[in-house]
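Trainee: See start26.json below, with JSON, C-alpha atoms and all ligand atoms.
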```
[["chain", "number", "residue", "atom", "x", "y", "z"],
["U", 14, "MET", "CA", -8.66, 26.71, -3.01],
["U", 15, "TYR", "CA", -6.98, 26.77, 0.33],
["U", 16, "LYS", "CA", -10.20, 27.71, 2.11],
["U", 17, "LEU", "CA", -12.16, 25.00, 0.29],
["U", 18, "PHE", "CA", -9.75, 22.45, 1.58],
["U", 19, "PHE", "CA", -10.44, 23.47, 5.16],
["U", 20, "ILE", "CA", -14.18, 23.07, 4.62],
["U", 21, "LEU", "CA", -13.54, 19.62, 3.16],
["U", 22, "THR", "CA", -11.36, 18.81, 6.15],
["U", 23, "PHE", "CA", -14.04, 19.71, 8.63],
["U", 24, "PHE", "CA", -16.80, 17.60, 7.09],
["U", 25, "SER", "CA", -14.53, 14.71, 6.31],
["U", 26, "LEU", "CA", -13.31, 14.58, 9.89],
["U", 27, "ILE", "CA", -16.84, 13.81, 11.03],
["U", 28, "ASN", "CA", -17.07, 11.01, 8.48],
["U", 29, "ILE", "CA", -13.75, 9.57, 9.42],
["U", 30, "GLY", "CA", -14.77, 9.49, 13.08],
["U", 31, "CYS", "CA", -17.89, 7.44, 12.30],
["U", 32, "LYS", "CA", -16.07, 5.11, 9.95],
["U", 33, "ASN", "CA", -13.39, 4.30, 12.49],
["U", 34, "ASP", "CA", -15.96, 3.40, 15.11],
["U", 35, "LYS", "CA", -17.67, 1.02, 12.72],
["U", 36, "SER", "CA", -14.54, -0.63, 11.41],
["U", 37, "SER", "CA", -13.11, -1.32, 14.85],
["U", 38, "ALA", "CA", -16.36, -3.03, 15.82],
["U", 39, "THR", "CA", -16.24, -5.15, 12.66],
["U", 40, "GLU", "CA", -12.62, -6.00, 13.28],
["U", 41, "LEU", "CA", -13.42, -7.17, 16.75],
["U", 42, "ASN", "CA", -16.15, -9.47, 15.40],
["U", 43, "GLU", "CA", -13.91, -10.89, 12.73],
["U", 44, "LYS", "CA", -11.16, -11.58, 15.22],
["U", 45, "THR", "CA", -13.55, -13.41, 17.51],
["U", 46, "ILE", "CA", -14.93, -15.51, 14.66],
["U", 47, "SER", "CA", -11.68, -16.46, 12.93],
["U", 48, "ALA", "CA", -9.51, -17.74, 15.75],
["U", 49, "THR", "CA", -6.88, -19.47, 13.59],
["U", 50, "PRO", "CA", -3.78, -17.31, 13.22],
["U", 51, "LYS", "CA", -2.64, -16.70, 9.65],
["U", 52, "LYS", "CA", 0.35, -18.48, 8.18],
["U", 53, "LYS", "CA", 3.24, -16.14, 7.44],
["U", 54, "ALA", "CA", 3.25, -15.15, 3.79],
["U", 55, "VAL", "CA", 6.46, -15.15, 1.78],
["U", 56, "VAL", "CA", 6.67, -12.14, -0.53],
["U", 57, "PRO", "CA", 7.41, -13.34, -4.08],
["U", 58, "PRO", "CA", 9.80, -11.38, -6.31],
["U", 59, "VAL", "CA", 8.53, -9.46, -9.32],
["U", 60, "ASN", "CA", 10.47, -9.50, -12.57],
["U", 61, "ALA", "CA", 11.83, -6.17, -13.86],
["U", 62, "ASP", "CA", 12.01, -7.33, -17.51],
["U", 63, "SER", "CA", 8.48, -8.68, -17.45],
["U", 64, "THR", "CA", 7.16, -5.43, -15.95],
["U", 65, "TYR", "CA", 9.02, -3.36, -18.54],
["U", 66, "ALA", "CA", 7.69, -5.59, -21.34],
["U", 67, "PHE", "CA", 4.16, -4.80, -20.18],
["U", 68, "VAL", "CA", 4.88, -1.10, -20.77],
["U", 69, "GLU", "CA", 6.28, -1.83, -24.24],
["U", 70, "LYS", "CA", 3.27, -3.95, -25.11],
["U", 71, "GLN", "CA", 0.89, -1.09, -24.29],
["U", 72, "LEU", "CA", 2.89, 1.32, -26.45],
["U", 73, "SER", "CA", 2.63, -1.14, -29.34],
["U", 74, "PHE", "CA", -1.06, -0.22, -29.53],
["U", 75, "GLY", "CA", -0.15, 3.44, -30.08],
["U", 76, "THR", "CA", -1.82, 6.18, -28.06],
["U", 77, "ARG", "CA", -4.83, 4.99, -26.02],
["U", 78, "VAL", "CA", -7.31, 7.86, -25.93],
["U", 79, "PRO", "CA", -10.91, 6.72, -25.34],
["U", 80, "GLY", "CA", -12.60, 6.36, -28.72],
["U", 81, "SER", "CA", -9.36, 5.71, -30.63],
["U", 82, "PRO", "CA", -8.26, 2.48, -32.38],
["U", 83, "GLY", "CA", -5.33, 2.12, -29.94],
["U", 84, "HIS", "CA", -7.75, 2.29, -27.02],
["U", 85, "LYS", "CA", -9.94, -0.40, -28.55],
["U", 86, "ALA", "CA", -7.01, -2.73, -29.24],
["U", 87, "MET", "CA", -5.60, -2.20, -25.76],
["U", 88, "LYS", "CA", -8.97, -2.91, -24.15],
["U", 89, "GLU", "CA", -9.27, -6.24, -25.94],
["U", 90, "TRP", "CA", -5.73, -7.20, -24.95],
["U", 91, "LEU", "CA", -6.18, -6.14, -21.33],
["U", 92, "VAL", "CA", -9.35, -8.22, -20.95],
["U", 93, "THR", "CA", -7.74, -11.27, -22.57],
["U", 94, "LYS", "CA", -4.56, -10.89, -20.53],
["U", 95, "THR", "CA", -6.29, -10.53, -17.16],
["U", 96, "LYS", "CA", -8.52, -13.52, -17.93],
["U", 97, "SER", "CA", -5.46, -15.57, -18.88],
["U", 98, "TYR", "CA", -4.25, -15.26, -15.28],
["U", 99, "GLY", "CA", -7.44, -16.92, -14.06],
["U", 100, "LEU", "CA", -9.09, -13.84, -12.56],
["U", 101, "GLU", "CA", -12.78, -13.00, -12.63],
["U", 102, "VAL", "CA", -12.96, -10.11, -15.10],
["U", 103, "MET", "CA", -15.71, -7.55, -15.52],
["U", 104, "VAL", "CA", -15.88, -4.72, -18.05],
["U", 105, "GLN", "CA", -17.82, -1.70, -16.82],
["U", 106, "GLU", "CA", -18.88, 0.35, -19.83],
["U", 107, "PHE", "CA", -19.94, 3.98, -19.56],
["U", 108, "THR", "CA", -20.43, 6.91, -21.86],
["U", 109, "THR", "CA", -18.59, 10.12, -21.19],
["U", 110, "SER", "CA", -17.56, 13.48, -22.66],
["U", 111, "PHE", "CA", -14.33, 15.44, -22.42],
["U", 112, "MET", "CA", -12.69, 18.38, -24.16],
["U", 113, "ASN", "CA", -14.37, 18.62, -27.57],
["U", 114, "LYS", "CA", -15.58, 15.01, -27.62],
["U", 115, "ALA", "CA", -19.08, 13.94, -26.67],
["U", 116, "ASN", "CA", -20.61, 10.51, -26.06],
["U", 117, "VAL", "CA", -17.38, 8.58, -26.00],
["U", 118, "LYS", "CA", -17.52, 4.96, -24.84],
["U", 119, "ALA", "CA", -15.14, 4.22, -22.00],
["U", 120, "TYR", "CA", -14.44, 1.08, -19.96],
["U", 121, "ASN", "CA", -13.30, 0.37, -16.43],
["U", 122, "ILE", "CA", -11.80, -3.10, -16.35],
["U", 123, "ILE", "CA", -12.06, -4.93, -13.03],
["U", 124, "ALA", "CA", -10.20, -8.18, -12.38],
["U", 125, "SER", "CA", -10.74, -10.03, -9.11],
["U", 126, "LEU", "CA", -8.54, -12.65, -7.51],
["U", 127, "ASN", "CA", -10.17, -14.84, -4.86],
["U", 128, "PRO", "CA", -13.57, -13.20, -5.42],
["U", 129, "GLU", "CA", -15.16, -15.24, -2.61],
["U", 130, "LYS", "CA", -13.03, -13.71, 0.15],
["U", 131, "SER", "CA", -14.47, -10.90, 2.22],
["U", 132, "GLU", "CA", -11.10, -9.49, 3.30],
["U", 133, "ARG", "CA", -9.96, -7.54, 0.21],
["U", 134, "ILE", "CA", -7.48, -5.02, -1.08],
["U", 135, "LEU", "CA", -7.91, -2.80, -4.13],
["U", 136, "LEU", "CA", -5.07, -1.99, -6.53],
["U", 137, "ALA", "CA", -5.70, 0.53, -9.30],
["U", 138, "ALA", "CA", -4.15, 2.44, -12.19],
["U", 139, "HIS", "CA", -5.54, 4.32, -15.19],
["U", 140, "TRP", "CA", -5.15, 2.71, -18.60],
["U", 141, "ASP", "CA", -6.10, 5.58, -20.91],
["U", 142, "THR", "CA", -3.52, 8.04, -22.24],
["U", 143, "ARG", "CA", -3.84, 11.76, -22.72],
["U", 144, "LEU", "CA", -5.46, 13.34, -25.75],
["U", 145, "ILE", "CA", -3.13, 16.34, -25.79],
["U", 146, "ALA", "CA", 0.43, 17.27, -24.79],
["U", 147, "GLU", "CA", -0.30, 20.74, -23.44],
["U", 148, "LYS", "CA", 3.07, 21.07, -21.70],
["U", 149, "ASP", "CA", 5.18, 20.09, -24.72],
["U", 150, "PRO", "CA", 7.78, 22.73, -25.63],
["U", 151, "ASP", "CA", 7.02, 22.22, -29.34],
["U", 152, "ALA", "CA", 3.91, 24.31, -30.06],
["U", 153, "LYS", "CA", 3.14, 22.23, -33.16],
["U", 154, "LYS", "CA", 2.79, 19.08, -31.05],
["U", 155, "VAL", "CA", 0.67, 20.29, -28.15],
["U", 156, "ASN", "CA", -2.56, 19.14, -29.71],
["U", 157, "THR", "CA", -1.44, 15.58, -30.40],
["U", 158, "PRO", "CA", -1.92, 12.62, -28.02],
["U", 159, "ILE", "CA", 0.97, 11.30, -25.93],
["U", 160, "MET", "CA", 2.23, 7.71, -25.69],
["U", 161, "GLY", "CA", 1.94, 7.77, -21.91],
["U", 162, "ALA", "CA", 4.69, 5.25, -21.14],
["U", 163, "ASP", "CA", 4.72, 6.55, -17.58],
["U", 164, "ASP", "CA", 1.34, 8.31, -17.45],
["U", 165, "GLY", "CA", -0.90, 5.30, -17.68],
["U", 166, "GLY", "CA", 1.56, 2.69, -18.97],
["U", 167, "SER", "CA", 3.71, 2.22, -15.86],
["U", 168, "GLY", "CA", 0.85, 1.72, -13.40],
["U", 169, "VAL", "CA", -0.91, -0.77, -15.66],
["U", 170, "ALA", "CA", 2.36, -2.67, -16.19],
["U", 171, "ALA", "CA", 2.89, -2.94, -12.42],
["U", 172, "LEU", "CA", -0.64, -4.25, -11.87],
["U", 173, "LEU", "CA", -0.24, -6.85, -14.61],
["U", 174, "GLU", "CA", 3.09, -8.01, -13.19],
["U", 175, "ILE", "CA", 1.60, -8.29, -9.69],
["U", 176, "MET", "CA", -1.32, -10.25, -11.15],
["U", 177, "ARG", "CA", 1.04, -12.56, -13.06],
["U", 178, "VAL", "CA", 3.06, -13.30, -9.92],
["U", 179, "MET", "CA", -0.03, -13.77, -7.76],
["U", 180, "SER", "CA", -1.50, -16.23, -10.24],
["U", 181, "GLU", "CA", 1.53, -18.44, -9.51],
["U", 182, "LYS", "CA", 1.90, -17.77, -5.78],
["U", 183, "GLN", "CA", -1.31, -18.20, -3.76],
["U", 184, "ILE", "CA", -2.36, -15.37, -1.48],
["U", 185, "ASP", "CA", -4.83, -15.63, 1.39],
["U", 186, "LEU", "CA", -6.64, -12.39, 0.53],
["U", 187, "GLY", "CA", -9.09, -11.07, -2.05],
["U", 188, "VAL", "CA", -7.34, -8.75, -4.49],
["U", 189, "ASP", "CA", -9.18, -6.50, -6.94],
["U", 190, "PHE", "CA", -7.34, -4.84, -9.78],
["U", 191, "ILE", "CA", -9.17, -1.89, -11.30],
["U", 192, "PHE", "CA", -7.95, -0.35, -14.53],
["U", 193, "PHE", "CA", -9.75, 2.98, -14.60],
["U", 194, "ASP", "CA", -10.50, 4.56, -17.94],
["U", 195, "ALA", "CA", -10.72, 8.27, -18.87],
["U", 196, "GLU", "CA", -8.54, 9.52, -16.03],
["U", 197, "ASP", "CA", -6.35, 11.75, -18.13],
["U", 198, "GLN", "CA", -8.67, 13.70, -20.46],
["U", 199, "GLY", "CA", -9.30, 16.67, -18.16],
["U", 200, "ASN", "CA", -8.94, 20.31, -18.96],
["U", 201, "GLU", "CA", -7.94, 22.80, -16.25],
["U", 202, "GLY", "CA", -10.09, 21.83, -13.24],
["U", 203, "VAL", "CA", -12.71, 19.68, -14.98],
["U", 204, "ASP", "CA", -13.24, 16.22, -16.46],
["U", 205, "TRP", "CA", -10.37, 14.41, -14.75],
["U", 206, "CYS", "CA", -10.78, 10.89, -13.32],
["U", 207, "LEU", "CA", -14.01, 10.16, -15.17],
["U", 208, "GLY", "CA", -13.67, 6.38, -14.83],
["U", 209, "SER", "CA", -13.12, 6.40, -11.08],
["U", 210, "GLN", "CA", -15.93, 8.92, -10.63],
["U", 211, "TYR", "CA", -18.27, 6.61, -12.52],
["U", 212, "TRP", "CA", -17.12, 3.52, -10.63],
["U", 213, "SER", "CA", -17.45, 5.21, -7.23],
["U", 214, "LYS", "CA", -21.09, 5.92, -7.99],
["U", 215, "ASN", "CA", -21.75, 2.58, -9.72],
["U", 216, "LEU", "CA", -19.76, -0.05, -7.87],
["U", 217, "HIS", "CA", -19.15, -3.16, -10.00],
["U", 218, "LYS", "CA", -20.67, -5.32, -7.26],
["U", 219, "LYS", "CA", -23.45, -4.39, -4.90],
["U", 220, "ASP", "CA", -22.04, -3.30, -1.52],
["U", 221, "TYR", "CA", -18.50, -3.80, -2.78],
["U", 222, "LYS", "CA", -15.96, -3.11, -0.07],
["U", 223, "ALA", "CA", -12.20, -3.36, 0.21],
["U", 224, "ASP", "CA", -10.21, -2.77, 3.40],
["U", 225, "TRP", "CA", -7.95, -0.28, 1.65],
["U", 226, "GLY", "CA", -6.21, 0.35, -1.65],
["U", 227, "ILE", "CA", -3.16, 1.53, -3.54],
["U", 228, "LEU", "CA", -3.28, 3.66, -6.70],
["U", 229, "LEU", "CA", -0.24, 3.56, -8.97],
["U", 230, "ASP", "CA", 0.25, 6.53, -11.28],
["U", 231, "LEU", "CA", 3.51, 7.81, -12.83],
["U", 232, "ILE", "CA", 5.61, 5.14, -11.16],
["U", 233, "GLY", "CA", 8.31, 4.30, -13.69],
["U", 234, "ALA", "CA", 10.18, 7.44, -14.77],
["U", 235, "LYS", "CA", 13.88, 8.14, -14.45],
["U", 236, "GLY", "CA", 14.66, 10.10, -11.30],
["U", 237, "ALA", "CA", 11.19, 9.49, -9.80],
["U", 238, "MET", "CA", 10.46, 10.43, -6.21],
["U", 239, "PHE", "CA", 7.36, 9.43, -4.30],
["U", 240, "HIS", "CA", 6.29, 11.82, -1.58],
["U", 241, "LYS", "CA", 3.38, 11.53, 0.83],
["U", 242, "GLU", "CA", 0.53, 13.12, -1.12],
["U", 243, "GLU", "CA", -1.96, 15.13, 0.91],
["U", 244, "PHE", "CA", -5.24, 13.32, 0.10],
["U", 245, "SER", "CA", -3.51, 10.02, 0.85],
["U", 246, "ARG", "CA", -2.27, 11.44, 4.15],
["U", 247, "TYR", "CA", -5.68, 12.73, 4.95],
["U", 248, "TYR", "CA", -7.81, 9.70, 4.10],
["U", 249, "ALA", "CA", -5.43, 6.76, 4.52],
["U", 250, "LYS", "CA", -2.51, 7.89, 6.67],
["U", 251, "THR", "CA", -2.05, 4.60, 8.51],
["U", 252, "TYR", "CA", -1.58, 2.68, 5.28],
["U", 253, "LEU", "CA", 0.52, 5.41, 3.69],
["U", 254, "ASP", "CA", 2.93, 5.41, 6.61],
["U", 255, "LYS", "CA", 3.11, 1.61, 6.62],
["U", 256, "VAL", "CA", 3.87, 1.40, 2.90],
["U", 257, "TRP", "CA", 6.55, 4.10, 3.08],
["U", 258, "ALA", "CA", 8.14, 2.45, 6.12],
["U", 259, "LEU", "CA", 8.11, -0.88, 4.31],
["U", 260, "ALA", "CA", 9.72, 0.67, 1.21],
["U", 261, "GLN", "CA", 12.46, 2.16, 3.33],
["U", 262, "LYS", "CA", 13.04, -1.16, 5.07],
["U", 263, "MET", "CA", 13.33, -2.81, 1.66],
["U", 264, "GLY", "CA", 16.10, -0.37, 0.68],
["U", 265, "TYR", "CA", 13.99, 1.88, -1.55],
["U", 266, "GLY", "CA", 14.27, 5.00, 0.63],
["U", 267, "LYS", "CA", 15.80, 6.97, -2.23],
["U", 268, "TYR", "CA", 12.49, 6.70, -4.10],
["U", 269, "PHE", "CA", 10.00, 6.73, -1.21],
["U", 270, "ILE", "CA", 10.64, 10.04, 0.50],
["U", 271, "ASP", "CA", 9.20, 10.68, 3.95],
["U", 272, "GLN", "CA", 8.05, 14.20, 3.08],
["U", 273, "PRO", "CA", 4.55, 15.53, 2.40],
["U", 274, "VAL", "CA", 3.42, 17.20, -0.81],
["U", 275, "GLY", "CA", 0.10, 18.91, -1.57],
["U", 276, "THR", "CA", -3.15, 17.40, -2.82],
["U", 277, "ILE", "CA", -3.33, 15.77, -6.24],
["U", 278, "GLN", "CA", -6.69, 15.23, -7.88],
["U", 279, "ASP", "CA", -6.27, 11.60, -8.94],
["U", 280, "ASP", "CA", -8.45, 8.47, -9.02],
["U", 281, "HIS", "CA", -7.78, 7.78, -5.33],
["U", 282, "TYR", "CA", -9.66, 10.94, -4.37],
["U", 283, "PHE", "CA", -12.93, 9.50, -5.73],
["U", 284, "VAL", "CA", -12.30, 6.05, -4.28],
["U", 285, "ASN", "CA", -11.74, 7.69, -0.88],
["U", 286, "THR", "CA", -14.66, 10.10, -0.99],
["U", 287, "GLY", "CA", -17.14, 8.25, -3.23],
["U", 288, "ALA", "CA", -16.60, 4.61, -2.29],
["U", 289, "ASN", "CA", -15.29, 5.31, 1.23],
["U", 290, "ILE", "CA", -12.34, 3.00, 0.74],
["U", 291, "PRO", "CA", -9.08, 4.39, 2.15],
["U", 292, "MET", "CA", -6.69, 4.57, -0.79],
["U", 293, "ILE", "CA", -3.16, 5.93, -1.10],
["U", 294, "ASP", "CA", -1.58, 7.28, -4.28],
["U", 295, "ILE", "CA", 1.98, 6.35, -5.19],
["U", 296, "ILE", "CA", 2.78, 9.12, -7.66],
["U", 297, "ASN", "CA", 5.98, 10.75, -8.85],
["U", 298, "THR", "CA", 6.35, 14.43, -8.00],
["U", 299, "LEU", "CA", 9.14, 16.86, -7.40],
["U", 300, "PRO", "CA", 9.61, 17.88, -3.74],
["U", 301, "SER", "CA", 7.50, 20.94, -4.58],
["U", 302, "GLY", "CA", 4.56, 18.67, -5.45],
["U", 303, "MET", "CA", 4.78, 19.64, -9.13],
["U", 304, "PHE", "CA", 5.08, 16.95, -11.80],
["U", 305, "GLY", "CA", 8.36, 16.22, -13.62],
["U", 306, "SER", "CA", 9.19, 18.12, -16.83],
["U", 307, "TYR", "CA", 8.22, 15.15, -19.05],
["U", 308, "HIS", "CA", 4.64, 15.15, -17.73],
["U", 309, "HIS", "CA", 2.02, 15.72, -20.46],
["U", 310, "THR", "CA", 4.73, 16.13, -23.11],
["U", 311, "HIS", "CA", 5.94, 13.80, -25.87],
["U", 312, "LYS", "CA", 8.92, 12.94, -23.68],
["U", 313, "ASP", "CA", 6.56, 10.57, -21.88],
["U", 314, "ASP", "CA", 7.58, 7.72, -24.16],
["U", 315, "ILE", "CA", 9.55, 4.50, -23.54],
["U", 316, "GLY", "CA", 12.80, 6.49, -23.13],
["U", 317, "ILE", "CA", 11.55, 8.00, -19.88],
["U", 318, "ILE", "CA", 11.06, 4.60, -18.21],
["U", 319, "ASP", "CA", 13.67, 3.40, -15.72],
["U", 320, "LYS", "CA", 13.43, -0.34, -15.09],
["U", 321, "ASP", "CA", 14.80, -0.01, -11.55],
["U", 322, "VAL", "CA", 12.20, 2.56, -10.51],
["U", 323, "LEU", "CA", 9.39, 0.55, -12.09],
["U", 324, "LYS", "CA", 10.58, -2.60, -10.36],
["U", 325, "ALA", "CA", 10.99, -0.86, -6.99],
["U", 326, "VAL", "CA", 7.39, 0.35, -6.89],
["U", 327, "THR", "CA", 6.01, -2.95, -8.18],
["U", 328, "GLN", "CA", 8.00, -4.88, -5.57],
["U", 329, "VAL", "CA", 6.96, -2.58, -2.72],
["U", 330, "THR", "CA", 3.31, -2.82, -3.75],
["U", 331, "ILE", "CA", 3.27, -6.61, -3.92],
["U", 332, "ALA", "CA", 5.15, -6.79, -0.61],
["U", 333, "ALA", "CA", 2.56, -4.54, 1.03],
["U", 334, "VAL", "CA", -0.23, -6.80, -0.22],
["U", 335, "TYR", "CA", 1.34, -10.10, 0.90],
["U", 336, "LYS", "CA", 2.27, -8.59, 4.26],
["U", 337, "TYR", "CA", -1.24, -7.27, 4.71],
["U", 338, "SER", "CA", -2.56, -10.76, 3.92],
["U", 339, "ASP", "CA", -0.86, -12.29, 6.96],
["U", 340, "GLY", "CA", -1.33, -9.28, 9.23],
["U", 341, "SER", "CA", 2.34, -8.25, 9.24],
["U", 342, "LEU", "CA", 2.18, -4.95, 7.34],
["U", 401, "ZN", "ZN", -1.69, 12.57, -16.87]]
```
I'd like the structure from this file rewritten - as structure tokens, please.
Ligand SMILES: [Zn+2]
Mentor:
Amino acid sequence: MYKLFFILTFFSLINIGCKNDKSSATELNEKTISATPKKKAVVPPVNADSTYAFVEKQLSFGTRVPGSPGHKAMKEWLVTKTKSYGLEVMVQEFTTSFMNKANVKAYNIIASLNPEKSERILLAAHWDTRLIAEKDPDAKKVNTPIMGADDGGSGVAALLEIMRVMSEKQIDLGVDFIFFDAEDQGNEGVDWCLGSQYWSKNLHKKDYKADWGILLDLIGAKGAMFHKEEFSRYYAKTYLDKVWALAQKMGYGKYFIDQPVGTIQDDHYFVNTGANIPMIDIINTLPSGMFGSYHHTHKDDIGIIDKDVLKAVTQVTIAAVYKYSDGSL
């Protein structure tokens, strides 16, 4: 494991070197072409109750495992909801297999704001919930699906709230929201992040590119702490540092901790390596890098959600996006 990471580091360094050369050349061109300085953007507030209600709404569909009735109902709602905010919405269907299930239909849902703009940011979360609760202390319940209020629900709620606010407060930037499916159906080292793996190999638009991105996963639990995850540090350090500095400036330093933790195999890994878009992961871990005790248990229900934590991450994310839009991040 450790050794593998060093091999990855070596090859990726070469890639990063090339990418930086290219992007600075592009930047230079863009700066020469667009001479008008950008108007300062005012960061709009998000609403804690609205964000929380988006979590509750998802739980009203029950558990959302690909192939289940709750998953189907949630998909229909998510498409309708994102369209209601005036975004261009695309459903990317794919067939996948996990655990003991084969040929399951899954769906990445992609909603784009200002689709004509070339300068873009990508915000993502996974919308499926886990088929099993392998860490639950009750042995009788380990093979039943979890509600995923935090694991799935919180990230989706934040994206919807950001979308709702942006639909009312113009932003001079293209913003893509991707709700990845089938992130959380893995077993040991395999079959995680199936939606982002599919999307990275089959981009929803030809030559799709975003400047960078933020993945939100496990962002609403009581006592949450967000450390600087290793893949994010490796592939998108500039943005990671900027977002953490911004969070601290906004008074959220008790949640956004300036300490590194190890690698986490999450959707951002495939966006970074497959689509070559630098993406950070805002994800709750203990200082050790392990997940909280509620993770993949039946405790991951509405009772685990803390409105203040959920609001803090949603507000920091939207602030990062508006600040990026006027060049002040
Ligand atoms: Zn999970």
Trainee: So which residues touch Ala237 (chain U) within 12 Å, counting all atoms listed in the file, skipping near sequence neighbours fewer than 4 positions away, as a short mmCIF file (atom, residue, chain, number, x, y, z; two decimals) with C-alpha atoms, in the coordinates of the input?
Mentor:
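File selection_24.cif, as written:
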```cif
data_model
loop_
_atom_site.label_atom_id
_atom_site.label_comp_id
_atom_site.auth_asym_id
_atom_site.auth_seq_id
_atom_site.Cartn_x
_atom_site.Cartn_y
_atom_site.Cartn_z
CA ASP U 163 4.72 6.55 -17.58
CA ASP U 230 0.25 6.53 -11.28
CA LEU U 231 3.51 7.81 -12.83
CA ILE U 232 5.61 5.14 -11.16
CA GLY U 233 8.31 4.30 -13.69
CA TYR U 265 13.99 1.88 -1.55
CA GLY U 266 14.27 5.00 0.63
CA LYS U 267 15.80 6.97 -2.23
CA TYR U 268 12.49 6.70 -4.10
CA PHE U 269 10.00 6.73 -1.21
CA ILE U 270 10.64 10.04 0.50
CA ILE U 295 1.98 6.35 -5.19
CA ILE U 296 2.78 9.12 -7.66
CA ASN U 297 5.98 10.75 -8.85
CA THR U 298 6.35 14.43 -8.00
CA LEU U 299 9.14 16.86 -7.40
CA PRO U 300 9.61 17.88 -3.74
CA PHE U 304 5.08 16.95 -11.80
CA GLY U 305 8.36 16.22 -13.62
CA SER U 306 9.19 18.12 -16.83
CA TYR U 307 8.22 15.15 -19.05
CA HIS U 308 4.64 15.15 -17.73
CA ILE U 317 11.55 8.00 -19.88
CA ILE U 318 11.06 4.60 -18.21
CA ASP U 319 13.67 3.40 -15.72
CA LYS U 320 13.43 -0.34 -15.09
CA ASP U 321 14.80 -0.01 -11.55
CA VAL U 322 12.20 2.56 -10.51
CA LEU U 323 9.39 0.55 -12.09
CA ALA U 325 10.99 -0.86 -6.99
CA VAL U 326 7.39 0.35 -6.89
#
```
Trainee: How would you report the residues lying within 9 Å of ligand ZN 401 (chain U), as a list in words, if you count all atoms listed in the file?
Mentor: Thr142, Arg143, Gly161, Asp163, Asp164, Gly165, Glu196, Asp197, Gln198, Gly199, Asp230, Leu231, His308 and His309 of chain U
Trainee: Which is closer to Phe190 (chain U) than all the others in U:Leu135, U:Val117, U:Ile175, U:Ala223, using all atoms listed in the file?
Mentor: U:Leu135
Trainee: If you measure from CA of Ala332 (chain U) to CA of Gly166 (chain U), what distance in Å do you get, rounded to one decimal?
Mentor: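 For CA of Ala332 (chain U) relative to CA of Gly166 (chain U), the distance reads 21.0 Å.
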Trainee: Might you pull out every residue within 12 Å of Phe74 (chain U), with all atoms listed in the file counted and same-chain residues fewer than 4 positions away left off, and present them as a list in words?
Mentor: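 The residues satisfying every condition are Phe67, Val68, Glu69, Lys70, Val78, Ser81, Pro82, Gly83, His84, Lys85, Ala86, Met87, Lys88, Glu89, Trp90, Leu91, Asp141, Thr142, Met160, Gly161, Ala162 and Gly166 of chain U.
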Trainee: Rank U:Tyr252, U:Ser180, U:Asp185, U:Lys114 by their smallest atom-to-atom distance to Lys52 (chain U), using all atoms listed in the file, and report the top residue only.
Mentor: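 Closest candidate: U:Asp185.
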Trainee: So that I can check the surroundings of Lys96 (chain U), please list as a list in words every protein, DNA and RNA residue that reaches within 12 Å of it, counting all atoms listed in the file and ignoring chain neighbours fewer than 4 positions away.
Mentor: Glu89, Trp90, Leu91, Val92, Leu100, Glu101, Val102, Met103, Val104, Ile122, Ile123, Ala124, Ser125, Leu126, Leu173, Met176, Arg177, Ser180 and Phe190 of chain U
Trainee: For those residues, write C-alpha atoms to a file as a PDB file, in the coordinates of the input.
Mentor:
```pdb
ATOM      1  CA  GLU U  89      -9.270  -6.240 -25.940  1.00  0.00           C
ATOM      2  CA  TRP U  90      -5.730  -7.200 -24.950  1.00  0.00           C
ATOM      3  CA  LEU U  91      -6.180  -6.140 -21.330  1.00  0.00           C
ATOM      4  CA  VAL U  92      -9.350  -8.220 -20.950  1.00  0.00           C
ATOM      5  CA  LEU U 100      -9.090 -13.840 -12.560  1.00  0.00           C
ATOM      6  CA  GLU U 101     -12.780 -13.000 -12.630  1.00  0.00           C
ATOM      7  CA  VAL U 102     -12.960 -10.110 -15.100  1.00  0.00           C
ATOM      8  CA  MET U 103     -15.710  -7.550 -15.520  1.00  0.00           C
ATOM      9  CA  VAL U 104     -15.880  -4.720 -18.050  1.00  0.00           C
ATOM     10  CA  ILE U 122     -11.800  -3.100 -16.350  1.00  0.00           C
ATOM     11  CA  ILE U 123     -12.060  -4.930 -13.030  1.00  0.00           C
ATOM     12  CA  ALA U 124     -10.200  -8.180 -12.380  1.00  0.00           C
ATOM     13  CA  SER U 125     -10.740 -10.030  -9.110  1.00  0.00           C
ATOM     14  CA  LEU U 126      -8.540 -12.650  -7.510  1.00  0.00           C
ATOM     15  CA  LEU U 173      -0.240  -6.850 -14.610  1.00  0.00           C
ATOM     16  CA  MET U 176      -1.320 -10.250 -11.150  1.00  0.00           C
ATOM     17  CA  ARG U 177       1.040 -12.560 -13.060  1.00  0.00           C
ATOM     18  CA  SER U 180      -1.500 -16.230 -10.240  1.00  0.00           C
ATOM     19  CA  PHE U 190      -7.340  -4.840  -9.780  1.00  0.00           C
TER      20      PHE U 190
END
```
Trainee: So how many Å separate CA of Ala260 (chain U) and CA of Cys206 (chain U), to one decimal?
Mentor: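 These two atoms are separated by 27.1 Å.
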Trainee: Might you pull out every residue within 12 Å of Ser110 (chain U), with only C-alpha atoms counted and same-chain residues fewer than 2 positions away left off, and present them as a ChimeraX atom specification?
Mentor: /U:79-80,107-108,112-119,195-196,198-200,203-208
